[in-house]
$ cat protein07.tsv   # TSV, C-alpha atoms
chain	number	residue	atom	x	y	z
U	1209	MET	CA	-40.30	35.99	-180.52
U	1210	SER	CA	-38.84	39.36	-179.57
U	1211	ASP	CA	-41.07	39.49	-176.50
U	1212	ILE	CA	-39.98	36.08	-175.23
U	1213	ILE	CA	-37.34	36.22	-172.51
U	1214	ILE	CA	-34.60	33.63	-172.87
U	1215	LYS	CA	-33.46	32.39	-169.48
U	1216	PHE	CA	-30.69	30.15	-168.28
U	1217	HIS	CA	-31.91	26.63	-167.48
U	1218	ALA	CA	-29.05	24.38	-166.31
U	1219	PHE	CA	-25.44	23.29	-166.78
U	1220	HIS	CA	-24.72	19.76	-167.99
U	1221	LYS	CA	-21.61	17.64	-168.30
U	1222	ASN	CA	-20.30	17.43	-171.85
U	1223	GLU	CA	-21.18	13.75	-172.21
U	1224	GLN	CA	-24.73	14.11	-170.86
U	1225	ILE	CA	-26.18	15.74	-174.00
U	1226	VAL	CA	-25.66	14.12	-177.40
U	1227	ASP	CA	-23.92	16.23	-180.00
U	1228	GLU	CA	-26.94	16.36	-182.32
U	1229	ARG	CA	-28.91	18.34	-179.74
U	1230	LEU	CA	-26.33	21.14	-179.52
U	1231	THR	CA	-27.54	24.06	-181.60
U	1232	PHE	CA	-25.21	26.91	-180.59
U	1233	ALA	CA	-21.72	27.63	-179.26
U	1234	VAL	CA	-20.64	30.45	-176.95
U	1235	VAL	CA	-17.00	31.36	-176.32
U	1236	ALA	CA	-15.80	33.23	-173.24
U	1237	ALA	CA	-12.67	34.79	-174.74
U	1238	ARG	CA	-9.76	36.47	-173.00
U	1239	HIS	CA	-7.07	38.61	-174.63
U	1240	ASP	CA	-4.17	40.27	-172.81
U	1241	GLY	CA	-5.78	39.43	-169.48
U	1242	LYS	CA	-9.10	41.09	-170.34
U	1243	TRP	CA	-12.46	39.67	-171.41
U	1244	ILE	CA	-13.72	40.24	-174.94
U	1245	PHE	CA	-17.32	41.36	-175.36
U	1246	CYS	CA	-19.03	42.22	-178.64
U	1247	ARG	CA	-21.61	44.80	-179.71
U	1248	HIS	CA	-24.08	43.85	-182.43
U	1249	LYS	CA	-24.89	46.52	-185.02
U	1250	ASP	CA	-28.56	46.60	-183.94
U	1251	ARG	CA	-27.93	46.78	-180.19
U	1252	ASP	CA	-26.20	48.98	-177.63
U	1253	THR	CA	-25.58	46.08	-175.23
U	1254	TYR	CA	-22.66	43.72	-174.81
U	1255	GLU	CA	-22.52	40.00	-175.41
U	1256	ILE	CA	-20.15	37.04	-175.24
U	1257	PRO	CA	-19.03	35.86	-178.71
U	1258	GLY	CA	-21.12	33.00	-180.06
U	1259	GLY	CA	-23.90	31.91	-182.36
U	1260	HIS	CA	-25.79	29.08	-183.97
U	1261	ARG	CA	-24.30	26.01	-185.54
U	1262	GLU	CA	-24.56	25.73	-189.31
U	1263	ALA	CA	-25.71	22.65	-191.24
U	1264	GLY	CA	-23.02	19.98	-191.46
U	1265	GLU	CA	-20.79	21.81	-188.97
U	1266	SER	CA	-19.35	20.29	-185.80
U	1267	ILE	CA	-19.98	22.21	-182.61
U	1268	ASP	CA	-16.23	22.75	-182.16
U	1269	CYS	CA	-15.98	24.22	-185.67
U	1270	ALA	CA	-18.98	26.42	-184.92
U	1271	ALA	CA	-17.20	27.78	-181.85
U	1272	GLU	CA	-14.02	28.53	-183.84
U	1273	ARG	CA	-15.97	30.19	-186.66
U	1274	GLU	CA	-18.10	32.33	-184.35
U	1275	LEU	CA	-15.06	33.47	-182.37
U	1276	THR	CA	-13.26	34.51	-185.57
U	1277	GLU	CA	-16.30	36.19	-187.13
U	1278	GLU	CA	-17.30	38.12	-184.01
U	1279	THR	CA	-13.89	39.13	-182.61
U	1280	GLY	CA	-11.38	38.92	-185.47
U	1281	ALA	CA	-9.35	36.39	-183.49
U	1282	VAL	CA	-6.45	35.08	-185.60
U	1283	ARG	CA	-4.55	32.86	-183.16
U	1284	PHE	CA	-6.16	31.28	-180.13
U	1285	SER	CA	-6.55	28.13	-178.06
U	1286	LEU	CA	-10.05	26.78	-177.53
U	1287	SER	CA	-11.21	24.55	-174.67
U	1288	PRO	CA	-14.69	23.13	-174.01
U	1289	ILE	CA	-16.12	23.87	-170.56
U	1290	CYS	CA	-19.58	22.31	-170.48
U	1291	VAL	CA	-22.98	22.07	-172.11
U	1292	TYR	CA	-25.76	24.34	-170.89
U	1293	SER	CA	-29.43	24.77	-171.64
U	1294	VAL	CA	-31.69	27.79	-171.99
U	1295	ALA	CA	-35.47	28.00	-171.88
U	1296	ALA	CA	-37.77	30.25	-173.89
U	1297	GLY	CA	-41.46	30.00	-174.61
U	1298	GLY	CA	-41.69	26.57	-173.03
U	1299	GLU	CA	-38.90	25.11	-175.17
U	1300	THR	CA	-35.40	24.09	-174.11
U	1301	SER	CA	-32.31	24.50	-176.29
U	1302	TYR	CA	-28.78	23.23	-175.73
U	1303	GLY	CA	-25.43	24.80	-176.49
U	1304	LYS	CA	-21.78	24.43	-175.55
U	1305	LEU	CA	-19.69	26.87	-173.55
U	1306	TYR	CA	-16.01	27.27	-174.43
U	1307	PHE	CA	-13.04	29.24	-173.15
U	1308	ALA	CA	-10.58	30.83	-175.58
U	1309	ASP	CA	-7.20	32.33	-174.88
U	1310	VAL	CA	-6.75	34.76	-177.78
U	1311	PHE	CA	-3.11	35.42	-178.70
U	1312	GLU	CA	-3.66	37.65	-181.73
U	1313	LEU	CA	-6.56	39.77	-182.91
U	1314	GLY	CA	-7.11	40.90	-186.48
U	1315	SER	CA	-9.86	42.95	-188.08
U	1316	LEU	CA	-13.51	41.98	-188.05
U	1317	PRO	CA	-14.43	40.24	-191.32
U	1318	PRO	CA	-16.32	42.28	-193.98
U	1319	GLY	CA	-20.06	42.25	-193.48
U	1320	SER	CA	-19.82	41.24	-189.84
U	1321	GLU	CA	-22.89	41.95	-187.72
U	1322	ILE	CA	-20.50	42.94	-184.94
U	1323	VAL	CA	-19.50	46.59	-185.14
U	1324	GLU	CA	-17.01	46.68	-182.29
U	1325	ILE	CA	-15.35	44.55	-179.65
U	1326	TYR	CA	-14.47	45.70	-176.16
U	1327	HIS	CA	-11.97	44.59	-173.54
U	1328	PHE	CA	-13.21	44.50	-169.94
U	1329	ASP	CA	-11.58	43.51	-166.65
U	1330	LYS	CA	-14.92	42.02	-165.61
U	1331	MET	CA	-18.38	41.49	-167.03
U	1332	PRO	CA	-20.00	44.80	-168.07
U	1333	ASP	CA	-23.40	45.98	-166.83
U	1334	ARG	CA	-25.42	46.35	-170.04
U	1335	LEU	CA	-25.83	42.79	-171.30
U	1336	THR	CA	-27.78	41.51	-174.28
U	1337	TYR	CA	-28.75	38.37	-172.36
U	1338	PRO	CA	-28.80	39.38	-168.68
U	1339	HIS	CA	-30.54	36.16	-167.63
U	1340	ILE	CA	-27.81	33.98	-169.13
U	1341	GLN	CA	-24.44	35.70	-169.49
U	1342	PRO	CA	-23.73	36.18	-165.75
U	1343	MET	CA	-24.13	32.42	-165.25
U	1344	LEU	CA	-21.73	31.67	-168.10
U	1345	TYR	CA	-19.21	34.18	-166.79
U	1346	GLU	CA	-19.25	32.63	-163.30
U	1347	LYS	CA	-18.98	29.11	-164.73
U	1348	THR	CA	-15.96	30.15	-166.78
U	1349	GLN	CA	-14.20	31.64	-163.75
U	1350	THR	CA	-14.77	28.45	-161.76
U	1351	TRP	CA	-13.48	26.32	-164.64
U	1352	LEU	CA	-10.36	28.45	-164.99
U	1353	ASN	CA	-9.58	28.08	-161.30
U	1354	LEU	CA	-9.75	24.29	-161.65
U	1355	GLN	CA	-7.22	24.31	-164.50
U	1356	SER	CA	-4.36	25.29	-162.21
U	1357	ALA	CA	-2.84	22.23	-160.49
U	1358	LYS	CA	-5.58	20.11	-162.05
U	1359	ASP	CA	-3.82	16.86	-161.09
U	1360	GLU	CA	-4.08	17.82	-157.42
U	1361	LEU	CA	-5.98	15.25	-155.32
U	1362	TRP	CA	-8.82	16.06	-152.92
U	1363	ASP	CA	-10.36	14.01	-150.14
U	1364	VAL	CA	-14.04	13.39	-150.81
U	1365	TYR	CA	-16.71	14.10	-148.14
U	1366	ASP	CA	-20.43	13.53	-147.94
U	1367	VAL	CA	-22.89	16.38	-147.34
U	1368	GLU	CA	-22.61	15.85	-143.56
U	1369	ARG	CA	-18.84	16.39	-143.79
U	1370	ASN	CA	-18.06	12.76	-143.13
U	1371	PRO	CA	-14.92	11.67	-144.98
U	1372	THR	CA	-15.24	8.87	-147.53
U	1373	VAL	CA	-12.42	6.54	-148.50
U	1374	ARG	CA	-12.25	8.09	-151.96
U	1375	ARG	CA	-10.10	10.79	-153.51
U	1376	HIS	CA	-10.85	13.04	-156.46
U	1377	ARG	CA	-8.65	14.64	-159.13
U	1378	ARG	CA	-9.11	18.40	-159.16
U	1379	GLY	CA	-9.44	18.76	-162.93
U	1380	ASP	CA	-12.32	16.26	-163.23
U	1381	PRO	CA	-16.03	17.01	-162.62
U	1382	LEU	CA	-17.04	16.14	-159.07
U	1383	PRO	CA	-19.89	13.57	-159.02
U	1384	GLU	CA	-23.21	14.70	-157.59
U	1385	GLY	CA	-23.37	14.14	-153.83
U	1386	ASP	CA	-19.60	14.40	-153.38
U	1387	TYR	CA	-17.97	17.39	-151.67
U	1388	HIS	CA	-14.47	18.70	-151.20
U	1389	LEU	CA	-13.06	21.03	-148.56
U	1390	VAL	CA	-12.26	24.67	-149.35
U	1391	VAL	CA	-10.77	27.32	-147.06
U	1392	HIS	CA	-10.90	31.13	-147.18
U	1393	VAL	CA	-8.34	32.78	-144.92
U	1394	TRP	CA	-8.52	36.33	-143.61
U	1395	LEU	CA	-5.37	37.79	-142.04
U	1396	GLN	CA	-6.02	40.77	-139.74
U	1397	ASN	CA	-3.37	42.94	-138.08
U	1398	SER	CA	-3.59	44.69	-134.74
U	1399	SER	CA	-4.92	47.83	-136.49
U	1400	GLY	CA	-7.93	45.88	-137.76
U	1401	GLU	CA	-6.78	45.88	-141.40
U	1402	PHE	CA	-6.94	42.81	-143.62
U	1403	LEU	CA	-4.11	41.56	-145.83
U	1404	ILE	CA	-5.48	41.14	-149.36
U	1405	THR	CA	-3.86	39.89	-152.56
U	1406	LYS	CA	-4.45	40.53	-156.25
U	1407	ARG	CA	-5.19	37.58	-158.51
U	1408	ALA	CA	-2.81	36.94	-161.41
U	1409	PRO	CA	-4.14	37.86	-164.89
U	1410	ASN	CA	-4.18	34.19	-166.02
U	1411	LYS	CA	-6.57	33.12	-163.23
U	1412	GLY	CA	-10.32	33.14	-162.99
U	1413	TYR	CA	-11.47	36.61	-161.85
U	1414	PRO	CA	-8.19	38.06	-163.22
U	1415	ASN	CA	-6.67	41.13	-161.52
U	1416	MET	CA	-9.33	41.10	-158.80
U	1417	TRP	CA	-8.44	41.54	-155.13
U	1418	GLU	CA	-9.32	38.89	-152.54
U	1419	THR	CA	-8.10	37.16	-149.42
U	1420	THR	CA	-6.08	33.95	-149.44
U	1421	GLY	CA	-7.89	30.69	-150.09
U	1422	GLY	CA	-8.07	27.43	-151.96
U	1423	SER	CA	-8.93	23.76	-151.86
U	1424	ALA	CA	-7.65	21.39	-149.21
U	1425	VAL	CA	-5.43	18.71	-150.76
U	1426	ALA	CA	-5.65	15.04	-149.86
U	1427	GLY	CA	-4.55	14.53	-146.27
U	1428	ASP	CA	-5.26	18.12	-145.19
U	1429	ASP	CA	-7.60	18.99	-142.38
U	1430	SER	CA	-9.13	22.47	-142.44
U	1431	LEU	CA	-6.50	24.17	-140.27
U	1432	THR	CA	-3.62	22.54	-142.15
U	1433	ALA	CA	-5.12	23.68	-145.45
U	1434	ALA	CA	-5.52	27.26	-144.17
U	1435	ILE	CA	-1.91	27.47	-142.99
U	1436	ARG	CA	-0.60	25.89	-146.20
U	1437	GLU	CA	-2.61	28.20	-148.48
U	1438	VAL	CA	-1.28	31.29	-146.69
U	1439	LYS	CA	2.28	30.01	-146.99
U	1440	GLU	CA	1.92	29.11	-150.67
U	1441	GLU	CA	0.23	32.35	-151.74
U	1442	THR	CA	2.08	34.88	-149.56
U	1443	GLY	CA	5.15	33.16	-148.11
U	1444	LEU	CA	3.93	34.07	-144.61
U	1445	ASP	CA	3.81	31.71	-141.64
U	1446	VAL	CA	0.66	31.95	-139.55
U	1447	ARG	CA	0.61	30.38	-136.09
U	1448	PRO	CA	-2.17	27.85	-135.43
U	1449	GLU	CA	-3.04	29.41	-132.07
U	1450	ASN	CA	-3.85	32.70	-133.82
U	1451	GLY	CA	-6.52	31.15	-136.04
U	1452	THR	CA	-10.28	30.82	-135.56
U	1453	CYS	CA	-12.69	29.12	-137.92
U	1454	LEU	CA	-15.45	31.73	-138.04
U	1455	PHE	CA	-18.10	29.65	-139.81
U	1456	SER	CA	-18.69	27.09	-142.56
U	1457	ILE	CA	-20.86	27.11	-145.68
U	1458	THR	CA	-21.99	24.14	-147.78
U	1459	ARG	CA	-22.03	24.86	-151.51
U	1460	GLU	CA	-23.11	22.77	-154.49
U	1461	ASP	CA	-20.00	20.55	-154.34
U	1462	SER	CA	-17.85	22.05	-151.58
U	1463	ILE	CA	-17.71	22.65	-147.85
U	1464	VAL	CA	-16.18	26.06	-147.24
U	1465	ASP	CA	-14.47	27.01	-143.98
U	1466	ILE	CA	-13.78	30.70	-143.37
U	1467	TRP	CA	-10.77	31.31	-141.12
U	1468	LEU	CA	-9.52	34.44	-139.37
U	1469	PHE	CA	-5.91	34.73	-138.18
U	1470	ARG	CA	-4.97	37.70	-136.03
U	1471	GLN	CA	-1.26	38.26	-136.51
U	1472	ASP	CA	0.92	41.21	-137.53
U	1473	PHE	CA	2.96	40.97	-140.73
U	1474	ASP	CA	4.95	43.49	-142.73
U	1475	VAL	CA	3.48	43.56	-146.24
U	1476	ARG	CA	7.04	43.86	-147.54
U	1477	ASP	CA	7.62	40.29	-146.34
U	1478	VAL	CA	4.94	38.93	-148.66
U	1479	ARG	CA	6.35	36.64	-151.37
U	1480	LEU	CA	3.92	36.49	-154.26
U	1481	GLN	CA	3.31	33.16	-155.99
U	1482	GLU	CA	3.93	33.23	-159.75
U	1483	ASN	CA	0.73	32.76	-161.77
U	1484	GLU	CA	-1.32	33.01	-158.57
U	1485	THR	CA	-0.90	36.49	-157.08
U	1486	SER	CA	0.49	39.74	-158.48
U	1487	ASP	CA	0.22	42.24	-155.59
U	1488	ALA	CA	-0.56	42.53	-151.88
U	1489	LYS	CA	-1.62	45.26	-149.47
U	1490	TYR	CA	-3.50	45.95	-146.25
U	1491	ALA	CA	-7.06	47.30	-146.47
U	1492	SER	CA	-9.63	48.27	-143.89
U	1493	GLU	CA	-13.19	46.94	-143.91
U	1494	ALA	CA	-14.37	50.30	-145.25
U	1495	GLU	CA	-11.83	50.22	-148.08
U	1496	ILE	CA	-12.79	46.66	-149.05
U	1497	ARG	CA	-16.43	47.75	-149.18
U	1498	ARG	CA	-15.47	50.54	-151.59
U	1499	MET	CA	-13.43	48.10	-153.68
U	1500	VAL	CA	-16.46	45.80	-153.93
U	1501	GLU	CA	-18.60	48.71	-155.12
U	1502	ARG	CA	-16.01	49.57	-157.78
U	1503	GLY	CA	-15.82	45.95	-158.91
U	1504	GLU	CA	-12.20	45.53	-157.78
U	1505	PHE	CA	-12.72	42.97	-155.00
U	1506	CYS	CA	-14.24	39.49	-155.37
U	1507	GLU	CA	-17.77	39.87	-154.05
U	1508	PHE	CA	-18.24	36.76	-151.91
U	1509	ASP	CA	-21.71	36.45	-150.46
U	1510	PHE	CA	-20.35	35.94	-146.95
U	1511	LEU	CA	-18.44	39.22	-146.60
U	1512	GLU	CA	-20.90	40.80	-144.16
U	1513	THR	CA	-20.79	37.69	-141.98
U	1514	VAL	CA	-16.99	37.88	-141.92
U	1515	TYR	CA	-17.03	41.51	-140.84
U	1516	LYS	CA	-19.49	40.82	-138.03
U	1517	ALA	CA	-17.66	37.72	-136.81
U	1518	ALA	CA	-14.28	39.50	-136.87
U	1519	SER	CA	-15.77	42.43	-134.97
U	1520	ARG	CA	-17.10	40.12	-132.24
U	1521	LEU	CA	-13.62	38.64	-131.76
U	1522	ALA	CA	-11.88	42.03	-131.58
$ encode --input "protein07.tsv" --output "structure tokens"
Amino acid sequence: MSDIIIKFHAFHKNEQIVDERLTFAVVAARHDGKWIFCRHKDRDTYEIPGGHREAGESIDCAAERELTEETGAVRFSLSPICVYSVAAGGETSYGKLYFADVFELGSLPPGSEIVEIYHFDKMPDRLTYPHIQPMLYEKTQTWLNLQSAKDELWDVYDVERNPTVRRHRRGDPLPEGDYHLVVHVWLQNSSGEFLITKRAPNKGYPNMWETTGGSAVAGDDSLTAAIREVKEETGLDVRPENGTCLFSITREDSIVDIWLFRQDFDVRDVRLQENETSDAKYASEAEIRRMVERGEFCEFDFLETVYKAASRLA
């Protein structure tokens, strides 16, 4: 079995897979704004806390036990995210992914197979399960983002961007075939620098730098959502005539509009939103590239397209 590569298969809604088929629990755990990763005594790689369910044990109890045994967590809150499946040797296994906010850490229990735990700002490079853990990490970040303002309502669109007559609650899973509108907003001054903000430590992708963005709420069109998001996250007022929608991308359940506003602001006028942003500054394209390389800036897959589109409009 040591030569068989275990790969990620799919995510599933919690109710789609019956409890009896869940054989393991994995817990993405955060403590003091940093992610907890473990090192097994027989390995020099890092892994997310978790393990197999024991006979007669509920999957929730398995998650609590594994978190305690592998991290020494004493006080924590535990929330289910979703079920996921992995494939190995032609067989598929199912487990449950959780998120834990750890409030107090104690010592690892005697005889633990974990020799040390580590705190990271982001996922480390040397992973025990490189075909699985990055997917779980990304899923956890997305889930965390949905937990803020989770009673917010979205307008629902079809894949062709036609509005339906339905609305969707942010905190609930979006049905397959339904889409919601998301905006990313880049603010560029007359020197060509971009205004970027730092995510609060309680958010998904904590303490990472990014540009303003978020989901359109019910009743918003794309431009309205872009202006509102900038105001909410920075306190700045952008003028509609200064904005250009550079391009749009269709994701699994979202339609993403990328906006560029050319307008000069003093960074000292930025008013950070509590539990959303913790810092702000101007950065050139070259500096953002360096921040991406250092793992300090959210690495969106459309960054190069933004740079090229902004350059054409200069």
$ residues_around --input "protein07.tsv" --residues "stretch 1513-1518 of chain U" --least-positions-apart "3" --cutoff "12 Å" --atoms "all atoms listed in the file" --output "PyMOL selection string"
chain U and resi 1392-1397+1400-1402+1419+1451-1457+1465-1470+1492-1494+1496-1497+1508-1510+1521-1522
$ write_last_selection --input "protein07.tsv" --atoms "C-alpha atoms" --output "PDB file, keeping the file's coordinate frame"
ATOM      1  CA  HIS U1392     -10.900  31.130-147.180  1.00  0.00           C
ATOM      2  CA  VAL U1393      -8.340  32.780-144.920  1.00  0.00           C
ATOM      3  CA  TRP U1394      -8.520  36.330-143.610  1.00  0.00           C
ATOM      4  CA  LEU U1395      -5.370  37.790-142.040  1.00  0.00           C
ATOM      5  CA  GLN U1396      -6.020  40.770-139.740  1.00  0.00           C
ATOM      6  CA  ASN U1397      -3.370  42.940-138.080  1.00  0.00           C
ATOM      7  CA  GLY U1400      -7.930  45.880-137.760  1.00  0.00           C
ATOM      8  CA  GLU U1401      -6.780  45.880-141.400  1.00  0.00           C
ATOM      9  CA  PHE U1402      -6.940  42.810-143.620  1.00  0.00           C
ATOM     10  CA  THR U1419      -8.100  37.160-149.420  1.00  0.00           C
ATOM     11  CA  GLY U1451      -6.520  31.150-136.040  1.00  0.00           C
ATOM     12  CA  THR U1452     -10.280  30.820-135.560  1.00  0.00           C
ATOM     13  CA  CYS U1453     -12.690  29.120-137.920  1.00  0.00           C
ATOM     14  CA  LEU U1454     -15.450  31.730-138.040  1.00  0.00           C
ATOM     15  CA  PHE U1455     -18.100  29.650-139.810  1.00  0.00           C
ATOM     16  CA  SER U1456     -18.690  27.090-142.560  1.00  0.00           C
ATOM     17  CA  ILE U1457     -20.860  27.110-145.680  1.00  0.00           C
ATOM     18  CA  ASP U1465     -14.470  27.010-143.980  1.00  0.00           C
ATOM     19  CA  ILE U1466     -13.780  30.700-143.370  1.00  0.00           C
ATOM     20  CA  TRP U1467     -10.770  31.310-141.120  1.00  0.00           C
ATOM     21  CA  LEU U1468      -9.520  34.440-139.370  1.00  0.00           C
ATOM     22  CA  PHE U1469      -5.910  34.730-138.180  1.00  0.00           C
ATOM     23  CA  ARG U1470      -4.970  37.700-136.030  1.00  0.00           C
ATOM     24  CA  SER U1492      -9.630  48.270-143.890  1.00  0.00           C
ATOM     25  CA  GLU U1493     -13.190  46.940-143.910  1.00  0.00           C
ATOM     26  CA  ALA U1494     -14.370  50.300-145.250  1.00  0.00           C
ATOM     27  CA  ILE U1496     -12.790  46.660-149.050  1.00  0.00           C
ATOM     28  CA  ARG U1497     -16.430  47.750-149.180  1.00  0.00           C
ATOM     29  CA  PHE U1508     -18.240  36.760-151.910  1.00  0.00           C
ATOM     30  CA  ASP U1509     -21.710  36.450-150.460  1.00  0.00           C
ATOM     31  CA  PHE U1510     -20.350  35.940-146.950  1.00  0.00           C
ATOM     32  CA  LEU U1521     -13.620  38.640-131.760  1.00  0.00           C
ATOM     33  CA  ALA U1522     -11.880  42.030-131.580  1.00  0.00           C
TER      34      ALA U1522
END
$ atom_distance --input "protein07.tsv" --atom1 "atom CA of U:Ile1267" --atom2 "atom CA of U:Gly1303"
8.6 Å
$ residues_around --input "protein07.tsv" --residues "U:Asp1487" --least-positions-apart "4" --cutoff "8 Å" --atoms "all atoms listed in the file" --output "ChimeraX atom specification"
/U:1405-1407,1480
$ residues_around --input "protein07.tsv" --residues "stretch 1344-1358 of chain U" --least-positions-apart "5" --cutoff "10 Å" --atoms "all atoms listed in the file" --output "PyMOL selection string"
chain U and resi 1216+1219+1234-1237+1243+1256+1288-1290+1292+1305-1307+1330-1331+1339+1377-1381+1410-1414+1422-1423+1483-1484
$ closest_residue --input "protein07.tsv" --among "U:Glu1418, U:Glu1501, U:Glu1299, U:Asp1461" --to "U:Asp1366" --atoms "all atoms listed in the file"
U:Asp1461
$ atom_distance --input "protein07.tsv" --atom1 "atom CA of U:Met1416" --atom2 "atom CA of U:Gln1341"
19.3 Å
$ atom_distance --input "protein07.tsv" --atom1 "atom CA of U:Arg1247" --atom2 "atom CA of U:Thr1336"
8.9 Å
$ closest_residue --input "protein07.tsv" --among "U:Cys1246, U:Leu1313, U:Ala1295, U:Val1364" --to "U:Ile1325" --atoms "only C-alpha atoms"
U:Cys1246
$ residues_around --input "protein07.tsv" --residues "U:Lys1215" --least-positions-apart "3" --cutoff "10 Å" --atoms "all atoms listed in the file" --output "PyMOL selection string"
chain U and resi 1212+1218+1293-1297+1300+1337-1341
$ closest_residue --input "protein07.tsv" --among "U:Ala1408, U:Ile1225, U:Leu1389, U:Ile1463" --to "U:Gly1241" --atoms "only C-alpha atoms"
U:Ala1408
$ closest_residue --input "protein07.tsv" --among "U:Ile1322, U:Ala1433, U:Leu1444, U:Ala1233" --to "U:His1260" --atoms "all atoms listed in the file"
U:Ala1233
$ residues_around --input "protein07.tsv" --residues "stretch 1314-1316 of chain U" --least-positions-apart "4" --cutoff "6 Å" --atoms "all atoms listed in the file" --output "PDB file with C-alpha atoms, in the frame of the given file"
ATOM      1  CA  GLY U1280     -11.380  38.920-185.470  1.00  0.00           C
ATOM      2  CA  ALA U1281      -9.350  36.390-183.490  1.00  0.00           C
ATOM      3  CA  VAL U1282      -6.450  35.080-185.600  1.00  0.00           C
TER       4      VAL U1282
END
$ closest_residue --input "protein07.tsv" --among "U:Arg1447, U:Lys1439, U:Arg1374, U:Lys1249" --to "U:Ala1426" --atoms "all atoms listed in the file"
U:Arg1374
$ axis_aligned_box --input "protein07.tsv" --around "stretch 1263-1273 of chain U" --padding-each-side "4 Å" --output "lines of an AutoDock Vina configuration file"
center_x = -19.9
center_y = 25.1
center_z = -186.7
size_x = 19.7
size_y = 18.2
size_z = 17.6
